[in-house]
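Working notes, beginning with the structure itself.
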Amino acid sequence: MNRFLRASNLIPVTIIAAVAAMVVYANLRDARRSQAPHTAAATGTRDAPTTSREDLDTRVAGMEARLAKHPDDSDAAFMLADALLRQTRVKGNPGLALRAEKILNGVLKADPANYDANRMLGTLYLSQHRFRDALKVAQKNSAARPLDPVNYGAIGDAQLELGQYDEAFAAFDRMMSIRPSASAYARVAYARELQGNLEGAASAMKLAVSATSPTDPEGLAWSHAQLGELHFQRGKLSEAKAEFARASQVFPAHPFAVSGYAKVLAAEGDTVGALELLRRAADRSPTPDLAMRIGDLLARLGKQEDAERQYALAEAGWRGDAPDPTNLARFLAEHDRKIPEAVTTAETAASARRDIFTEDALAWAYFKAGRIVDARRAIALATRTGTQDATIRAHAAAINSAPTTVAAK
Amino acid sequence: MKKSAYFSMVFVLLVGYQMMPGLASSHREAPLISGDPLADNTDVYAFVSPDASDTVTLIASFVPFEDPQGGPNFYRFGDNVVYEIKIDNNGDGAEDISYQFRFTSQTTNPNTFLYNTGPIKSLDDPNRNLYQTYTVSRVEGGRTVSTAGPMRTIYDNVGPASTPNYGGNGSGIYEFRQADGTVAKVFAGQTDDAFFLDLRVFDLLYGANLSEVGNDSLAGYNVHSIALQLPKSSLKGTGSIIGVYSTASRPATTTRQAGSETTSGALIQVSRLGMPLVNEVVIPVGQKDKWNGSKPTDDSQFLNFVTEPEVPKLLQLIYNIPAPSTPRTDLIEVFLTGLPGLNQPSNVKASEMIRLNMDIAPTPSPSRLGALAKDIQGFPNGRRLTDDVLDITLQAAAGILKGANVSSLGDGVDRNDVRFRSNFPYIALPHSGGNPWKLNPRPAVN
């Protein structure tokens, strides 16, 4: 190990680590966006497999074996794609989503009108942040089955990410009016959160927890972790902690449970404890978001060099995310790195989508570049839903109180 | 920088960029397609109680495929679900009486996630850490006329160490007085899944070999059931024939809600079940969302699926069993109106529910083929736990009521995997998580 860490090897080692971060990037990427959907087809329905870590592994292996024997078994393909999408979330490996896409496309090639496959394709596009593609597919699916609530969920999810909030909320309400479910409650919760109604969001998320299938521990852990996030935002640290603990009990070491719990520890002042948890999570599946958070905690402990190493990893990981550059822009602006690039990156992101988090990244990049007038215009859009998001609120306060003639950094 | 390192970096960046589309996955995504087993109605039973013939027993089961070992804290009724057993007592298709069940999860010790903190020996044993209480209300014409409770559900059959002598003391039965002064019995909690069939029959209909059947797909699984034993006098309407079905509803919330409501939203029906197999076999996949949200009074919209059924066509195609000529008025009687002279109310409006003639006394020797075997106390007159509804329905679909010679048609599963109880709630005790019979010799059956 020491031999490997010699200075001359350090650059390749860093690069390898950066690649690892990029490749496994998907999970834990940025807090707010895409609370929107993806998921599991058959999950929780009659005779459906459960979504524990072991069962997902078993299902992938089993369905792959079935497909190897019967390549045209569309049920097996469908179940495999579903399990792979689930694993994308808990393992943080986007390669799994690519495999799912390949499998789904195989099904659709043989049977272009296959409704279930088309429905999952919308989900897959959402998970890959191809929001316009997702919207198109979901609208087509909803024309085919106007009373399938799932399609309105997918439509709303895509519109939300594109910043079309009124349309998205209407789609979620439609989804709910057809069939209240854990999926619909979670979306209503997020819509309320975006509008700054944190209490209402928490009550809707409690309904989501109570409506989640007992055979869907992954979904249940997700709901508990979301509820924890909402408690955290409301400053209810002990409630938040309990929900994250519950999430981890339901689905051991679920990434959201771990990072949420670490967030509470950090807020309570236990920086070392938080660091330890995040490092363990990063050992399991490194992501740029984890690297950034670890960096922030290291910086708090005064370990600037170590922090810088983590930031380099985070930046490298986010730099690879060309379809969705918002995170990179946000990271650069937030950490005072390469501000001119942060501006152009955020502008690129905002040309494709006008959601409040992209607008916020843009506003903060402008602010750091000293373009206060532009920053004010963007932050007005970032706050247009009434969000109480702490970062956005802090940015808005700084931008709106800054003199318009401030010198560029 | 060494050249080799430089090249590897370029290589890395190229690889990184090639993988970019895949890097776009996000983690905050809420599940989109989620099942709702807590509100999933599996079966409804309605029969004159064999040991108390002045009463009728109504049972509705939910939460399919509970693995007895699947984790004792997994299974429960949904806290925000309103479960209902509905009764139409004048044949017009509209509910006249509804029994509404509402459940609330409780925790004895909030500092632990454990289901129990020691052996549970009674309903209110303090070792029972996670438990549910419930109320049952009788609603007539939209008005609540009485509410009983809170009562406790029976605990899950965790295993001999946690739940010794399961089914003994505290078997989960309560009595309550109704507004008309009559006394009713109620039960809620985990039970065996009483439906017996080879689920592969659905698969095999689509082109395999019907001789492969014979395995009870539901053997060894549990469900959560609600059961009522009600004096006939409290159910009678214009006659003695009642229609019975069950629903589950969840509260709707909205994105624009200002306050912090939880369950005050409008109730939306998410599941509906009356006659067995209608949802599975008669209603096409693309119509199921519509079906689950629909009311019996609107069933004319589904009439074509009954009069022009798919199953007989498949039977003809695959097994050369001739499909009876359509429209199938015989199936309208089985599924929608009841059979004339047996369980059809006068002036009946065609609507899908179990129709029970309460005047037919229980027989000491029921036939699994019910009315098809001249045992008119049984299915499709009401539905008893022992009625082999899969075989009866399959034979009916193949035209036995039109004289077709199809009495040998069936799935090869003729009885439940465990014996039913001889007293209320009749449905069998749940399989034990510590001793699931799937791992043990098959017990005696009735």
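Scheme for the structure tokens: letters A, B, ... for chains in order shown; per-chain residue numbers from 1; ligand numbers from 1 in order shown.
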Item to check | Neighbour list for Pro366 (chain B) as a PyMOL selection string, cut-off 9 Å, only C-alpha atoms, skip fewer than 5 positions in-chain | outcome: chain B and resi 375+377-378+386-387
Checklist entry - Any idea what's packed within 9 Å of region 226-233 of chain A, counting only C-alpha atoms, ignoring anything in its chain fewer than 3 positions away? Could you give it as a PyMOL selection string? => result (chain A and resi 35+186+193+198-199+201-203+205-206+209+221-223+236-244+247+256-257+260-261+263-264+388-390) or (chain B and resi 28)
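If you count only C-alpha atoms and ignore residues fewer than 5 places along the chain from Asn405 (chain B), what sits within 12 Å of it is B:Ile321, B:Pro322, B:Ala323, B:Pro324, B:Gln395, B:Ala396, B:Ala397, B:Ala398, B:Gly399, B:Ile400.
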Would you write out those residues with N, CA and C atoms, as a tab-separated table (two decimals), in the first residue's frame?
```
chain	number	residue	atom	x	y	z
B	321	ILE	N	-62.05	-26.88	-26.19
B	321	ILE	CA	-63.33	-26.92	-25.51
B	321	ILE	C	-64.20	-25.86	-26.19
B	322	PRO	N	-65.29	-26.27	-26.82
B	322	PRO	CA	-66.05	-25.31	-27.62
B	322	PRO	C	-66.54	-24.13	-26.77
B	323	ALA	N	-66.36	-22.93	-27.27
B	323	ALA	CA	-66.84	-21.75	-26.55
B	323	ALA	C	-68.34	-21.62	-26.77
B	324	PRO	N	-69.13	-21.49	-25.70
B	324	PRO	CA	-70.57	-21.33	-25.85
B	324	PRO	C	-70.90	-20.08	-26.65
B	395	GLN	N	-65.78	-23.81	-14.92
B	395	GLN	CA	-66.83	-24.61	-15.55
B	395	GLN	C	-67.98	-23.72	-16.02
B	396	ALA	N	-68.29	-22.70	-15.24
B	396	ALA	CA	-69.35	-21.78	-15.65
B	396	ALA	C	-68.94	-21.05	-16.92
B	397	ALA	N	-67.68	-20.62	-16.97
B	397	ALA	CA	-67.20	-19.91	-18.15
B	397	ALA	C	-67.25	-20.82	-19.37
B	398	ALA	N	-66.97	-22.11	-19.16
B	398	ALA	CA	-66.98	-23.06	-20.28
B	398	ALA	C	-68.40	-23.49	-20.63
B	399	GLY	N	-69.41	-23.01	-19.90
B	399	GLY	CA	-70.79	-23.20	-20.30
B	399	GLY	C	-71.55	-24.32	-19.62
B	400	ILE	N	-71.13	-24.70	-18.40
B	400	ILE	CA	-71.82	-25.82	-17.75
B	400	ILE	C	-73.29	-25.50	-17.50
```
Next on the checklist: For the structure I just gave you, how does DSSP split region 216-354 of chain A - specifically, which residues are alpha helix (DSSP H)? Reply as a PyMOL selection string.
Outcome noted: chain A and resi 217-233+237-250+255-267+271-284+288-300+304-319+326-334+339-352
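Between CA of Lys185 (chain B) and CA of Phe103 (chain B) the separation is 17.2 Å.
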Item to check | Near-region 102-106 of chain A list (12 Å; only C-alpha atoms; drop same-chain fewer than 4 positions) as a ChimeraX atom specification | outcome: /A:63-64,67,71-85,95-98,110-125 /B:22
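Comparing B:Tyr131, B:Phe379, B:Trp291, B:Tyr221 by their smallest distance to Ala194 (chain B), the closest is B:Tyr221 (using only C-alpha atoms).
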Next on the checklist: Would you pick out the contacts of Phe357 (chain A) at 12 Å or less, using only C-alpha atoms, so that residues sharing its chain but fewer than 4 positions from it are not included, and give the list as a PyMOL selection string?
Outcome noted: chain A and resi 30-34+160-163+194+324-327+329-330+346+349-350+353+361-364+378-385+387+389-393+395
Save the residues we just selected, C-alpha atoms, as a compact mmCIF listing (two decimals), in the first residue's frame?
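Final file, again_26.txt:
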```txt
# COMPACT_ATOMS: atom_id res chain seq x y z
CA ASP A 30 -27.60 16.72 -4.91
CA ALA A 31 -30.09 17.26 -2.33
CA ARG A 32 -33.20 18.70 -3.71
CA ARG A 33 -33.69 17.78 -7.27
CA SER A 34 -35.44 14.86 -8.67
CA LEU A 160 -41.00 19.56 -12.24
CA GLU A 161 -37.42 19.09 -13.35
CA LEU A 162 -37.99 21.36 -16.31
CA GLY A 163 -39.35 24.05 -14.01
CA LEU A 194 -41.16 23.23 -3.09
CA ASP A 324 -26.97 17.81 -16.36
CA PRO A 325 -24.27 20.37 -15.52
CA THR A 326 -26.18 22.10 -12.72
CA ASN A 327 -24.37 20.24 -9.97
CA ALA A 329 -22.00 24.83 -11.54
CA ARG A 330 -23.48 24.81 -8.06
CA ALA A 346 -24.90 27.26 -15.12
CA ALA A 349 -27.86 24.19 -17.59
CA ALA A 350 -30.44 26.95 -17.44
CA ARG A 353 -34.33 23.63 -17.71
CA ALA A 361 -26.94 27.70 -9.27
CA LEU A 362 -27.05 30.36 -11.95
CA ALA A 363 -27.81 33.11 -9.44
CA TRP A 364 -24.97 32.09 -7.16
CA ALA A 378 -32.04 34.52 -11.41
CA ILE A 379 -32.63 34.34 -7.66
CA ALA A 380 -36.11 35.78 -8.15
CA LEU A 381 -36.84 32.79 -10.36
CA ALA A 382 -35.19 30.43 -7.87
CA THR A 383 -37.52 31.61 -5.13
CA ARG A 384 -40.67 31.78 -7.26
CA THR A 385 -42.31 28.69 -5.77
CA THR A 387 -39.31 27.36 -1.32
CA ASP A 389 -34.70 25.59 1.00
CA ALA A 390 -31.97 26.83 3.34
CA THR A 391 -29.31 27.22 0.66
CA ILE A 392 -31.58 29.09 -1.73
CA ARG A 393 -32.85 31.35 1.07
CA HIS A 395 -28.28 32.89 -1.41
```
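Nearest-residue note for Ser240 (chain B): choosing from B:Arg152, B:Arg383, B:Arg355, B:Arg272, the minimum distance belongs to B:Arg355, counting only C-alpha atoms.
What separates CA of Ala170 (chain A) from CA of Gly153 (chain A) is a distance of 10.1 Å.
The interatomic distance for the pair CA of Asp96 (chain B) and CA of Gly141 (chain B) works out to 5.9 Å.
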